[in-house]
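Visitor: Dropping in work.txt, which is compact mmCIF, C-alpha atoms:
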```
# COMPACT_ATOMS: atom_id res chain seq x y z
CA MET A 1 0.00 0.00 0.00
CA GLU A 2 1.83 3.10 -1.24
CA LYS A 3 1.04 6.33 0.57
CA GLU A 4 0.96 10.01 -0.30
CA ILE A 5 1.84 12.53 2.40
CA PHE A 6 -0.47 15.46 3.14
CA LYS A 7 0.12 18.41 5.41
CA GLY A 8 -2.06 18.82 8.48
CA SER A 9 -5.76 18.33 7.74
CA VAL A 10 -8.41 16.50 9.72
CA PHE A 11 -8.95 13.14 8.06
CA LEU A 12 -10.49 11.41 11.10
CA ASN A 13 -13.46 9.46 9.68
CA PRO A 14 -16.24 8.47 10.02
CA VAL A 15 -17.63 10.91 12.58
CA PRO A 16 -21.18 11.51 13.88
CA ALA A 17 -23.51 14.01 12.14
CA VAL A 18 -25.95 15.25 14.74
CA LEU A 19 -28.61 17.91 15.17
CA ILE A 20 -28.02 20.33 18.04
CA THR A 21 -30.93 22.20 19.59
CA SER A 22 -30.52 25.23 21.83
CA ARG A 23 -32.63 28.06 23.17
CA LYS A 24 -32.26 31.76 23.81
CA ASP A 25 -35.17 33.49 25.56
CA ASP A 26 -38.21 31.99 23.80
CA LYS A 27 -36.42 31.14 20.55
CA TYR A 28 -35.16 27.67 19.66
CA ASN A 29 -32.54 26.95 17.04
CA VAL A 30 -31.17 23.82 15.40
CA PHE A 31 -27.92 23.24 13.53
CA THR A 32 -25.73 20.34 12.47
CA VAL A 33 -22.41 19.34 14.00
CA ALA A 34 -19.93 16.71 12.86
CA TRP A 35 -17.05 17.96 15.00
CA CYS A 36 -18.12 16.19 18.18
CA GLY A 37 -17.08 13.17 20.19
CA THR A 38 -17.17 11.38 23.51
CA VAL A 39 -14.35 12.34 25.87
CA CYS A 40 -15.17 10.57 29.15
CA THR A 41 -17.26 7.59 30.26
CA ASN A 42 -17.73 8.58 33.90
CA PRO A 43 -18.73 11.33 34.35
CA PRO A 44 -20.27 11.13 30.87
CA MET A 45 -18.73 13.97 28.87
CA LEU A 46 -18.45 14.99 25.24
CA THR A 47 -17.32 17.89 23.09
CA ILE A 48 -18.96 19.76 20.24
CA SER A 49 -17.06 22.39 18.26
CA ILE A 50 -18.74 25.47 16.84
CA ARG A 51 -17.65 28.36 14.64
CA PRO A 52 -18.18 31.62 16.60
CA GLU A 53 -20.10 33.15 13.68
CA ARG A 54 -22.90 30.55 13.95
CA LEU A 55 -26.14 31.67 15.58
CA SER A 56 -26.12 28.54 17.76
CA TYR A 57 -22.75 29.60 19.18
CA GLU A 58 -24.44 32.61 20.76
CA TYR A 59 -27.42 30.56 22.03
CA ILE A 60 -25.24 27.85 23.59
CA LYS A 61 -22.66 30.23 25.02
CA ASP A 62 -25.36 32.34 26.68
CA SER A 63 -27.48 29.47 28.00
CA GLY A 64 -24.65 27.01 28.76
CA GLU A 65 -26.91 24.21 27.52
CA PHE A 66 -27.68 22.19 24.38
CA THR A 67 -29.27 18.94 23.26
CA ILE A 68 -27.67 16.46 20.86
CA ASN A 69 -30.31 14.77 18.69
CA LEU A 70 -29.19 11.66 16.78
CA PRO A 71 -30.97 11.69 13.42
CA PRO A 72 -32.20 8.58 11.62
CA LYS A 73 -31.46 7.99 7.93
CA ALA A 74 -34.86 9.38 6.94
CA LEU A 75 -33.78 12.84 8.16
CA THR A 76 -30.44 13.00 6.30
CA LYS A 77 -31.59 15.78 3.98
CA MET A 78 -32.67 17.87 6.98
CA VAL A 79 -29.32 17.19 8.67
CA ASP A 80 -27.60 18.59 5.61
CA PHE A 81 -29.99 21.53 5.39
CA CYS A 82 -29.44 22.46 9.06
CA GLY A 83 -25.68 22.46 8.47
CA VAL A 84 -25.84 24.63 5.36
CA ARG A 85 -28.49 27.18 6.26
CA SER A 86 -28.36 29.71 9.13
CA GLY A 87 -31.02 30.30 11.75
CA ARG A 88 -30.54 34.00 10.99
CA GLN A 89 -32.22 33.52 7.58
CA VAL A 90 -34.58 30.57 8.04
CA TYR A 91 -36.54 29.21 11.00
CA LYS A 92 -35.13 25.75 10.39
CA ILE A 93 -37.21 23.92 12.99
CA LYS A 94 -40.40 24.84 11.17
CA GLU A 95 -38.85 24.42 7.73
CA CYS A 96 -37.83 20.83 8.61
CA GLY A 97 -41.10 20.02 10.36
CA PHE A 98 -39.38 19.20 13.65
CA THR A 99 -41.41 18.94 16.87
CA ILE A 100 -39.61 20.43 19.88
CA MET A 101 -40.27 18.54 23.12
CA PRO A 102 -39.40 19.75 26.63
CA THR A 103 -36.06 18.58 28.02
CA GLN A 104 -35.83 17.42 31.63
CA ASN A 105 -32.84 19.22 33.15
CA ILE A 106 -32.14 21.98 30.66
CA SER A 107 -34.23 24.35 28.54
CA SER A 108 -32.87 23.55 25.05
CA GLY A 109 -35.68 21.19 24.04
CA TYR A 110 -35.22 18.05 21.96
CA ILE A 111 -36.37 16.93 18.52
CA LYS A 112 -39.15 14.36 18.82
CA GLU A 113 -38.40 12.89 15.38
CA CYS A 114 -34.86 11.83 16.45
CA PRO A 115 -34.79 8.50 18.35
CA ILE A 116 -32.02 9.50 20.78
CA ASN A 117 -31.63 12.89 22.49
CA ILE A 118 -28.83 13.83 24.86
CA GLU A 119 -29.15 16.77 27.29
CA CYS A 120 -25.81 18.52 27.86
CA VAL A 121 -24.51 21.24 30.19
CA VAL A 122 -21.43 23.20 29.07
CA GLU A 123 -18.44 23.03 31.43
CA SER A 124 -15.90 25.04 29.45
CA ILE A 125 -15.30 26.75 26.09
CA THR A 126 -11.84 26.68 24.52
CA HIS A 127 -10.93 28.86 21.57
CA LEU A 128 -8.88 26.82 19.08
CA GLY A 129 -9.00 28.55 15.68
CA THR A 130 -11.89 28.36 13.22
CA HIS A 131 -13.82 26.52 15.96
CA ASP A 132 -14.33 26.82 19.70
CA MET A 133 -14.54 23.56 21.60
CA PHE A 134 -17.45 23.20 24.05
CA LEU A 135 -16.72 20.59 26.71
CA ALA A 136 -20.00 19.38 28.20
CA ARG A 137 -21.47 16.96 30.71
CA VAL A 138 -24.40 14.71 29.81
CA VAL A 139 -27.23 15.20 32.31
CA ALA A 140 -30.01 13.05 30.78
CA SER A 141 -30.96 11.14 27.63
CA HIS A 142 -34.24 10.31 25.95
CA ILE A 143 -34.44 7.02 24.06
CA ASP A 144 -37.21 5.81 21.76
CA LYS A 145 -39.01 3.03 23.66
CA ASN A 146 -39.15 0.93 20.49
CA LEU A 147 -35.36 0.56 20.67
CA ILE A 148 -35.40 -0.92 24.18
CA ASP A 149 -36.03 -4.65 24.58
CA GLU A 150 -37.69 -6.41 27.53
CA ARG A 151 -34.34 -6.84 29.29
CA GLY A 152 -33.59 -3.11 29.06
CA LYS A 153 -30.96 -3.40 26.31
CA ILE A 154 -30.94 -0.47 23.89
CA HIS A 155 -30.76 -1.55 20.25
CA PHE A 156 -28.93 1.30 18.57
CA GLU A 157 -28.59 -0.85 15.45
CA LYS A 158 -32.34 -0.43 14.94
CA ALA A 159 -32.15 3.37 15.11
CA ASN A 160 -30.96 3.71 11.48
CA LEU A 161 -28.25 6.18 12.48
CA ILE A 162 -26.00 7.91 10.00
CA ALA A 163 -22.27 8.62 9.88
CA TYR A 164 -20.38 11.40 8.12
CA SER A 165 -17.16 10.71 6.28
CA HIS A 166 -15.15 13.26 4.32
CA GLY A 167 -18.17 15.30 3.23
CA GLU A 168 -20.61 12.44 2.67
CA TYR A 169 -23.45 10.96 4.71
CA PHE A 170 -23.69 7.18 5.09
CA ALA A 171 -26.38 4.91 6.53
CA LEU A 172 -25.14 2.41 9.10
CA PRO A 173 -26.10 -1.13 8.14
CA GLN A 174 -28.35 -3.03 10.57
CA ARG A 175 -25.97 -5.96 10.93
CA PRO A 176 -22.77 -5.40 12.92
CA LEU A 177 -19.37 -6.92 12.05
CA GLY A 178 -18.92 -7.89 15.71
CA SER A 179 -19.42 -6.61 19.22
CA PHE A 180 -16.89 -5.35 21.75
CA GLY A 181 -14.75 -8.26 22.98
CA TYR A 182 -15.69 -10.65 20.16
CA SER A 183 -12.07 -11.17 19.13
CA VAL A 184 -11.23 -12.93 22.40
CA ARG A 185 -14.61 -14.36 23.35
CA LYS A 186 -14.84 -18.11 23.58
CA LYS A 187 -17.46 -19.59 21.31
CA LYS A 188 -20.33 -21.26 23.12
CA LYS A 189 -20.29 -24.99 22.63
CA LYS A 190 -23.25 -26.32 20.74
CA LYS A 191 -25.29 -28.62 22.91
CA MET B 1 -42.31 8.16 19.22
CA GLU B 2 -42.52 7.61 22.98
CA LYS B 3 -39.31 8.08 24.92
CA GLU B 4 -37.76 6.67 28.07
CA ILE B 5 -35.53 8.93 30.16
CA PHE B 6 -32.06 7.77 31.22
CA LYS B 7 -29.66 9.46 33.59
CA GLY B 8 -26.36 10.75 32.23
CA SER B 9 -24.61 8.25 29.97
CA VAL B 10 -22.79 8.78 26.69
CA PHE B 11 -25.12 7.71 23.91
CA LEU B 12 -23.42 9.72 21.14
CA ASN B 13 -23.28 7.31 18.18
CA PRO B 14 -21.82 6.28 15.81
CA VAL B 15 -18.23 7.21 16.64
CA PRO B 16 -14.89 6.30 15.01
CA ALA B 17 -12.98 3.17 16.12
CA VAL B 18 -9.32 3.78 15.40
CA LEU B 19 -5.93 2.24 16.09
CA ILE B 20 -3.48 4.50 17.91
CA THR B 21 0.24 3.90 17.64
CA SER B 22 2.81 5.43 19.98
CA ARG B 23 6.42 4.91 20.94
CA LYS B 24 8.51 4.98 24.08
CA ASP B 25 12.29 4.57 23.64
CA ASP B 26 12.52 1.75 21.08
CA LYS B 27 9.14 0.18 21.89
CA TYR B 28 5.98 0.74 19.87
CA ASN B 29 2.48 0.08 21.12
CA VAL B 30 -0.97 0.03 19.55
CA PHE B 31 -4.42 0.32 21.14
CA THR B 32 -7.96 1.12 20.12
CA VAL B 33 -9.83 4.34 20.80
CA ALA B 34 -13.47 5.21 20.16
CA TRP B 35 -13.54 8.28 22.38
CA CYS B 36 -12.08 10.63 19.79
CA GLY B 37 -13.29 13.39 17.50
CA THR B 38 -12.41 16.39 15.42
CA VAL B 39 -12.47 19.70 17.32
CA CYS B 40 -11.12 22.28 14.87
CA THR B 41 -10.74 22.61 11.09
CA ASN B 42 -7.96 25.20 11.04
CA PRO B 43 -5.59 24.55 12.69
CA PRO B 44 -6.55 20.88 12.30
CA MET B 45 -7.11 19.54 15.80
CA LEU B 46 -8.71 16.52 17.42
CA THR B 47 -9.05 14.82 20.79
CA ILE B 48 -8.51 11.27 21.95
CA SER B 49 -9.42 10.18 25.47
CA ILE B 50 -7.42 7.56 27.36
CA ARG B 51 -7.77 5.80 30.72
CA PRO B 52 -4.63 6.57 32.78
CA GLU B 53 -4.13 2.85 33.51
CA ARG B 54 -3.55 2.04 29.82
CA LEU B 55 0.04 1.46 28.71
CA SER B 56 -0.46 3.83 25.77
CA TYR B 57 -1.34 6.61 28.21
CA GLU B 58 2.23 6.49 29.51
CA TYR B 59 3.76 6.30 26.01
CA ILE B 60 1.72 9.23 24.68
CA LYS B 61 2.07 11.39 27.78
CA ASP B 62 5.85 10.94 27.79
CA SER B 63 6.42 11.40 24.05
CA GLY B 64 3.66 13.98 23.41
CA GLU B 65 2.96 12.25 20.10
CA PHE B 66 0.70 9.58 18.57
CA THR B 67 -0.60 8.39 15.22
CA ILE B 68 -4.25 7.70 14.44
CA ASN B 69 -4.61 4.81 11.98
CA LEU B 70 -8.03 4.38 10.35
CA PRO B 71 -8.65 0.64 9.99
CA PRO B 72 -10.49 -0.94 7.04
CA LYS B 73 -13.26 -3.49 7.58
CA ALA B 74 -10.83 -6.38 7.09
CA LEU B 75 -9.03 -5.41 10.32
CA THR B 76 -12.13 -5.19 12.56
CA LYS B 77 -11.13 -8.22 14.64
CA MET B 78 -7.69 -6.67 15.27
CA VAL B 79 -9.35 -3.37 16.22
CA ASP B 80 -11.37 -5.23 18.83
CA PHE B 81 -8.34 -7.22 20.01
CA CYS B 82 -6.23 -4.05 20.44
CA GLY B 83 -8.99 -2.54 22.56
CA VAL B 84 -9.42 -5.56 24.80
CA ARG B 85 -5.81 -6.70 25.33
CA SER B 86 -3.02 -4.71 26.99
CA GLY B 87 0.45 -4.07 25.60
CA ARG B 88 1.71 -5.09 29.03
CA GLN B 89 0.73 -8.70 28.34
CA VAL B 90 0.92 -9.09 24.55
CA TYR B 91 3.06 -7.45 21.86
CA LYS B 92 -0.05 -6.58 19.88
CA ILE B 93 1.72 -5.21 16.80
CA LYS B 94 3.33 -8.59 16.16
CA GLU B 95 0.24 -10.54 17.22
CA CYS B 96 -1.87 -8.62 14.67
CA GLY B 97 0.77 -8.79 11.93
CA PHE B 98 0.97 -4.99 11.62
CA THR B 99 3.89 -3.38 9.77
CA ILE B 100 5.12 -0.19 11.45
CA MET B 101 6.28 2.48 8.99
CA PRO B 102 8.25 5.62 9.86
CA THR B 103 6.19 8.75 10.45
CA GLN B 104 7.36 12.07 9.00
CA ASN B 105 7.20 14.61 11.83
CA ILE B 106 6.88 12.43 14.92
CA SER B 107 8.37 9.15 16.11
CA SER B 108 5.18 7.14 16.78
CA GLY B 109 5.20 5.22 13.50
CA TYR B 110 2.12 4.29 11.50
CA ILE B 111 0.41 1.04 10.54
CA LYS B 112 1.01 0.26 6.87
CA GLU B 113 -2.12 -1.92 6.65
CA CYS B 114 -4.41 1.05 7.48
CA PRO B 115 -5.22 3.25 4.45
CA ILE B 116 -5.19 6.55 6.37
CA ASN B 117 -2.71 7.57 9.07
CA ILE B 118 -2.76 10.86 10.96
CA GLU B 119 0.32 12.17 12.79
CA CYS B 120 -0.60 14.12 15.94
CA VAL B 121 1.25 16.26 18.48
CA VAL B 122 -0.31 16.64 21.95
CA GLU B 123 -1.08 20.21 23.01
CA SER B 124 -2.73 19.57 26.39
CA ILE B 125 -4.00 16.82 28.68
CA THR B 126 -7.16 17.38 30.76
CA HIS B 127 -8.17 15.04 33.56
CA LEU B 128 -11.93 14.46 33.38
CA GLY B 129 -12.75 11.26 35.32
CA THR B 130 -12.29 7.71 34.03
CA HIS B 131 -10.55 9.27 31.02
CA ASP B 132 -8.05 12.04 30.36
CA MET B 133 -8.63 14.08 27.23
CA PHE B 134 -5.61 14.61 24.95
CA LEU B 135 -6.06 17.66 22.73
CA ALA B 136 -3.76 17.35 19.71
CA ARG B 137 -2.75 19.07 16.50
CA VAL B 138 -2.52 17.17 13.21
CA VAL B 139 0.93 17.63 11.66
CA ALA B 140 0.76 15.26 8.67
CA SER B 141 -1.32 12.49 7.12
CA HIS B 142 -0.54 9.49 4.94
CA ILE B 143 -3.18 8.41 2.45
CA ASP B 144 -3.25 5.25 0.35
CA LYS B 145 -2.54 6.35 -3.24
CA ASN B 146 -5.28 4.03 -4.51
CA LEU B 147 -7.86 6.27 -2.81
CA ILE B 148 -6.73 9.40 -4.66
CA ASP B 149 -8.09 10.07 -8.13
CA GLU B 150 -6.36 11.91 -10.98
CA ARG B 151 -7.83 15.23 -9.84
CA GLY B 152 -6.46 14.79 -6.32
CA LYS B 153 -9.80 13.98 -4.69
CA ILE B 154 -9.55 11.47 -1.84
CA HIS B 155 -12.21 8.74 -2.02
CA PHE B 156 -12.76 7.84 1.61
CA GLU B 157 -15.82 5.82 0.56
CA LYS B 158 -13.42 3.32 -1.03
CA ALA B 159 -11.42 2.89 2.18
CA ASN B 160 -13.97 0.47 3.71
CA LEU B 161 -13.88 2.30 7.05
CA ILE B 162 -15.76 1.14 10.11
CA ALA B 163 -17.87 2.92 12.71
CA TYR B 164 -18.56 1.98 16.34
CA SER B 165 -22.03 2.29 17.80
CA HIS B 166 -23.02 1.31 21.34
CA GLY B 167 -20.55 -1.58 21.57
CA GLU B 168 -20.78 -2.83 17.99
CA TYR B 169 -18.62 -2.39 14.89
CA PHE B 170 -20.30 -1.54 11.58
CA ALA B 171 -18.97 -1.38 8.01
CA LEU B 172 -19.75 1.84 6.17
CA PRO B 173 -21.53 1.17 2.89
CA GLN B 174 -19.77 2.31 -0.30
CA ARG B 175 -22.70 4.39 -1.50
CA PRO B 176 -23.41 7.66 0.33
CA LEU B 177 -26.90 9.02 1.05
CA GLY B 178 -25.75 12.44 -0.12
CA SER B 179 -22.85 14.86 0.06
CA PHE B 180 -22.49 18.09 2.05
CA GLY B 181 -24.78 20.74 0.60
CA TYR B 182 -26.94 18.34 -1.43
CA SER B 183 -30.14 19.51 0.27
CA VAL B 184 -29.87 22.98 -1.28
CA ARG B 185 -27.94 22.22 -4.47
CA LYS B 186 -29.69 22.95 -7.69
CA LYS B 187 -30.04 19.96 -9.96
CA LYS B 188 -28.14 20.24 -13.20
CA LYS B 189 -30.44 20.55 -16.17
CA LYS B 190 -30.30 17.66 -18.58
CA LYS B 191 -29.09 18.77 -21.96
```
Can I see the file as structure tokens?
Guide:
Amino acid sequence: MEKEIFKGSVFLNPVPAVLITSRKDDKYNVFTVAWCGTVCTNPPMLTISIRPERLSYEYIKDSGEFTINLPPKALTKMVDFCGVRSGRQVYKIKECGFTIMPTQNISSGYIKECPINIECVVESITHLGTHDMFLARVVASHIDKNLIDERGKIHFEKANLIAYSHGEYFALPQRPLGSFGYSVRKKKKKK
Amino acid sequence: MEKEIFKGSVFLNPVPAVLITSRKDDKYNVFTVAWCGTVCTNPPMLTISIRPERLSYEYIKDSGEFTINLPPKALTKMVDFCGVRSGRQVYKIKECGFTIMPTQNISSGYIKECPINIECVVESITHLGTHDMFLARVVASHIDKNLIDERGKIHFEKANLIAYSHGEYFALPQRPLGSFGYSVRKKKKKK
């Protein structure tokens, strides 16, 4: 495998593509973020990065709160739209037909049409360059009851989530290649 | 869509599942990270989070350098293995049959069998809880020449990358749902 060398550029792929809701006074906004990731298991923490010129930057900085909404495949076009268009020009929530539901511990609201919603409280903001990094703590999550089986296991593979890779959106297949630990797990003997 | 409320827990999915190489003196190590993400476009920056008890934590803290290697689908079992087993017990690079190639600006080396390799220099380490967050700057990348077309475009969709979602590994399909901006792009008129 012969390689070509590139200067610094962020080629980490695939990444999530999620809808972020936030609120300022009585106005809600939604926008799309791919620059996000989990940073700690306990306490549960994550980061989202935002360009300071975005309207959501102002909402989230002022309120110190936001909700991450994981979109299903059926909403991919809206995910793209909410990343391209600004809340200064279009009221995207209405344009996309999203229903805003009340969040439990924060005031940002969540998108009913997304099967998983994560309430976050900002702990710090770090200026990096084009983007500021918002480090946040997860304070609650809302999960579609249809994804939870009788033993309480959450079936994310049934949520039809999407991934973003180098400018393109991809549907996750329903069937996994394996689950954590499968490389060393002993096979059950057939009875 | 009825929802069930959960307390704080990190349900952000899907996320990357990548192999991280690092070096201490003349020893290389490799381990798997899913808690990672892009945090800035320019300068190109990302984070990876590591439990302090991991051997790689020591290597990366001491050297201030690491390489992110994006694994193709064919290496999924090795990705799992490198996340489950410790470099204190097994020399994972040999066990997995990985070839370590020299990196350009750092000394961590990269895995030849992974089509994309990202050289990173640590800028800060933040203790959060179970994990410490390593904020890093990308200083170079190595891309498989077979992914680059004659116009210089990199075809990540041909790299057979994998995503990790709630404990399971998934192959990205080759065909995207759409590309950035497709929701507002005017269709070309047929001539």
Visitor: Would you kindly return, as an mmCIF file with C-alpha atoms, in the coordinates of the input, each protein, DNA or RNA residue with an atom no farther than 8 Å from any atom of Phe170 of chain B, considering all atoms listed in the file and excluding same-chain residues fewer than 4 positions away?
Guide:
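Output (around-v4.cif):
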```
data_model
loop_
_atom_site.group_PDB
_atom_site.id
_atom_site.type_symbol
_atom_site.label_atom_id
_atom_site.label_comp_id
_atom_site.auth_asym_id
_atom_site.auth_seq_id
_atom_site.Cartn_x
_atom_site.Cartn_y
_atom_site.Cartn_z
ATOM 1 C CA LEU A 172 -25.140 2.410 9.100
ATOM 2 C CA PRO A 173 -26.100 -1.130 8.140
ATOM 3 C CA ARG A 175 -25.970 -5.960 10.930
ATOM 4 C CA PRO A 176 -22.770 -5.400 12.920
ATOM 5 C CA LEU A 177 -19.370 -6.920 12.050
ATOM 6 C CA GLY A 178 -18.920 -7.890 15.710
ATOM 7 C CA ILE B 162 -15.760 1.140 10.110
ATOM 8 C CA ALA B 163 -17.870 2.920 12.710
ATOM 9 C CA TYR B 164 -18.560 1.980 16.340
ATOM 10 C CA SER B 165 -22.030 2.290 17.800
#
```
Visitor: Grab the atom CA of Lys27 of chain B to atom CA of Thr47 of chain B distance for me, in Å with one decimal place.
Guide: 23.4 Å
Visitor: Counting all atoms listed in the file, which of A:Ile154, A:Val30, A:Ile118, A:Ile60 gets nearest to Arg137 of chain A?
Guide: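 So, comparing all the options, the nearest one is A:Ile118.
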Visitor: Which neighbours of Val33 of chain A fall inside 8 Å, counting only C-alpha atoms, when residues of the same chain fewer than 3 positions from it are skipped, and could you give them as a PyMOL selection string?
Guide: chain A and resi 16-20+36+48-50+83
Visitor: Of the candidates B:Asp26, B:Glu95, B:Glu123, B:Asp80, which one gets nearest to Gly64 of chain B if we count all atoms listed in the file?
Guide: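 Answer, going by the shortest atom-to-atom distance: B:Glu123.
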Visitor: Using all atoms listed in the file, which protein or nucleic acid residues come within 8 Å of Ser124 of chain B? Drop anything in the same chain fewer than 4 positions from it, and give the result as number ranges by chain.
Guide: B: 134-136
Visitor: Would you output that residue set with C-alpha atoms, as a PDB file, in the frame of the given file?
Guide:
```pdb
ATOM      1  CA  PHE B 134      -5.610  14.610  24.950  1.00  0.00           C
ATOM      2  CA  LEU B 135      -6.060  17.660  22.730  1.00  0.00           C
ATOM      3  CA  ALA B 136      -3.760  17.350  19.710  1.00  0.00           C
TER       4      ALA B 136
END
```
Visitor: Figure out the distance between atom CA of Ile106 of chain B and atom CA of Lys24 of chain B, please, to one decimal in Å.
Guide: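 We find that atom CA of Lys24 of chain B and atom CA of Ile106 of chain B lie 11.9 Å from each other.
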Visitor: Please determine, counting all atoms listed in the file, which residue among B:Ile93, B:Ala74, B:Met101, B:Val84 has the shortest atom-to-atom distance to chain A.
Guide: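 Checking each of B:Ile93, B:Ala74, B:Met101, B:Val84 against chain A, counting all atoms listed in the file, the winner is B:Val84.
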Visitor: So that I can check the surroundings of Gly87 of chain A, please list as an MDAnalysis selection string every protein, DNA and RNA residue that reaches within 9 Å of it, counting all atoms listed in the file and ignoring chain neighbours fewer than 5 positions away.
Guide: chainID A and resid 29:31 54:56 82 92:93
Visitor: Taking 3 positions as the minimum chain separation for residues in the same chain, which residues sit within 10 Å of Glu2 of chain A when counting all atoms listed in the file? Answer as an mmCIF file with C-alpha atoms, in the frame of the given file.
Guide:
```cif
data_model
loop_
_atom_site.group_PDB
_atom_site.id
_atom_site.type_symbol
_atom_site.label_atom_id
_atom_site.label_comp_id
_atom_site.auth_asym_id
_atom_site.auth_seq_id
_atom_site.Cartn_x
_atom_site.Cartn_y
_atom_site.Cartn_z
ATOM 1 C CA LYS B 112 1.010 0.260 6.870
ATOM 2 C CA PRO B 115 -5.220 3.250 4.450
ATOM 3 C CA HIS B 142 -0.540 9.490 4.940
ATOM 4 C CA ILE B 143 -3.180 8.410 2.450
ATOM 5 C CA ASP B 144 -3.250 5.250 0.350
ATOM 6 C CA LYS B 145 -2.540 6.350 -3.240
ATOM 7 C CA ASN B 146 -5.280 4.030 -4.510
#
```
Visitor: Smallest atom-to-atom distance to Ala159 of chain A: which of A:Ile68, A:Val10, A:Leu147, A:Val184, using only C-alpha atoms?
Guide: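 For Ala159 of chain A, the nearest of the candidates is A:Leu147.
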Visitor: Since the input is missing atoms, can you rebuild all heavy atoms for segment 9-14 of chain A and write them as a PDB file, in the coordinates of the input?
Guide:
```pdb
ATOM      1  N   SER A   9      -4.375  18.220   8.168  1.00  0.00           N
ATOM      2  CA  SER A   9      -5.760  18.330   7.740  1.00  0.00           C
ATOM      3  C   SER A   9      -6.483  17.249   8.525  1.00  0.00           C
ATOM      4  O   SER A   9      -5.906  16.218   8.829  1.00  0.00           O
ATOM      5  CB  SER A   9      -5.857  18.062   6.235  1.00  0.00           C
ATOM      6  OG  SER A   9      -7.145  18.363   5.753  1.00  0.00           O
ATOM      7  N   VAL A  10      -7.763  17.487   8.866  1.00  0.00           N
ATOM      8  CA  VAL A  10      -8.410  16.500   9.720  1.00  0.00           C
ATOM      9  C   VAL A  10      -9.099  15.414   8.920  1.00  0.00           C
ATOM     10  O   VAL A  10     -10.187  15.606   8.387  1.00  0.00           O
ATOM     11  CB  VAL A  10      -9.413  17.139  10.697  1.00  0.00           C
ATOM     12  CG1 VAL A  10      -9.795  16.119  11.757  1.00  0.00           C
ATOM     13  CG2 VAL A  10      -8.802  18.346  11.357  1.00  0.00           C
ATOM     14  N   PHE A  11      -8.442  14.270   8.825  1.00  0.00           N
ATOM     15  CA  PHE A  11      -8.950  13.140   8.060  1.00  0.00           C
ATOM     16  C   PHE A  11      -9.571  12.067   8.954  1.00  0.00           C
ATOM     17  O   PHE A  11      -9.769  10.945   8.504  1.00  0.00           O
ATOM     18  CB  PHE A  11      -7.828  12.539   7.212  1.00  0.00           C
ATOM     19  CG  PHE A  11      -7.368  13.430   6.088  1.00  0.00           C
ATOM     20  CD1 PHE A  11      -6.015  13.657   5.854  1.00  0.00           C
ATOM     21  CD2 PHE A  11      -8.293  14.027   5.236  1.00  0.00           C
ATOM     22  CE1 PHE A  11      -5.591  14.454   4.800  1.00  0.00           C
ATOM     23  CE2 PHE A  11      -7.877  14.827   4.179  1.00  0.00           C
ATOM     24  CZ  PHE A  11      -6.519  15.042   3.958  1.00  0.00           C
ATOM     25  N   LEU A  12      -9.870  12.389  10.202  1.00  0.00           N
ATOM     26  CA  LEU A  12     -10.490  11.410  11.100  1.00  0.00           C
ATOM     27  C   LEU A  12     -11.913  11.109  10.628  1.00  0.00           C
ATOM     28  O   LEU A  12     -12.763  12.004  10.599  1.00  0.00           O
ATOM     29  CB  LEU A  12     -10.515  11.960  12.530  1.00  0.00           C
ATOM     30  CG  LEU A  12     -11.174  11.088  13.606  1.00  0.00           C
ATOM     31  CD1 LEU A  12     -10.451   9.755  13.758  1.00  0.00           C
ATOM     32  CD2 LEU A  12     -11.211  11.818  14.940  1.00  0.00           C
ATOM     33  N   ASN A  13     -12.159   9.862  10.230  1.00  0.00           N
ATOM     34  CA  ASN A  13     -13.460   9.460   9.680  1.00  0.00           C
ATOM     35  C   ASN A  13     -13.778   8.015  10.035  1.00  0.00           C
ATOM     36  O   ASN A  13     -12.849   7.235  10.221  1.00  0.00           O
ATOM     37  CB  ASN A  13     -13.444   9.588   8.147  1.00  0.00           C
ATOM     38  CG  ASN A  13     -13.538  11.024   7.687  1.00  0.00           C
ATOM     39  OD1 ASN A  13     -14.475  11.734   8.008  1.00  0.00           O
ATOM     40  ND2 ASN A  13     -12.537  11.461   6.934  1.00  0.00           N
ATOM     41  N   PRO A  14     -15.057   7.613  10.063  1.00  0.00           N
ATOM     42  CA  PRO A  14     -16.240   8.470  10.020  1.00  0.00           C
ATOM     43  C   PRO A  14     -16.493   9.109  11.375  1.00  0.00           C
ATOM     44  O   PRO A  14     -16.003   8.646  12.392  1.00  0.00           O
ATOM     45  CB  PRO A  14     -17.364   7.471   9.695  1.00  0.00           C
ATOM     46  CG  PRO A  14     -16.912   6.196  10.337  1.00  0.00           C
ATOM     47  CD  PRO A  14     -15.409   6.192  10.216  1.00  0.00           C
TER      48      PRO A  14
END
```
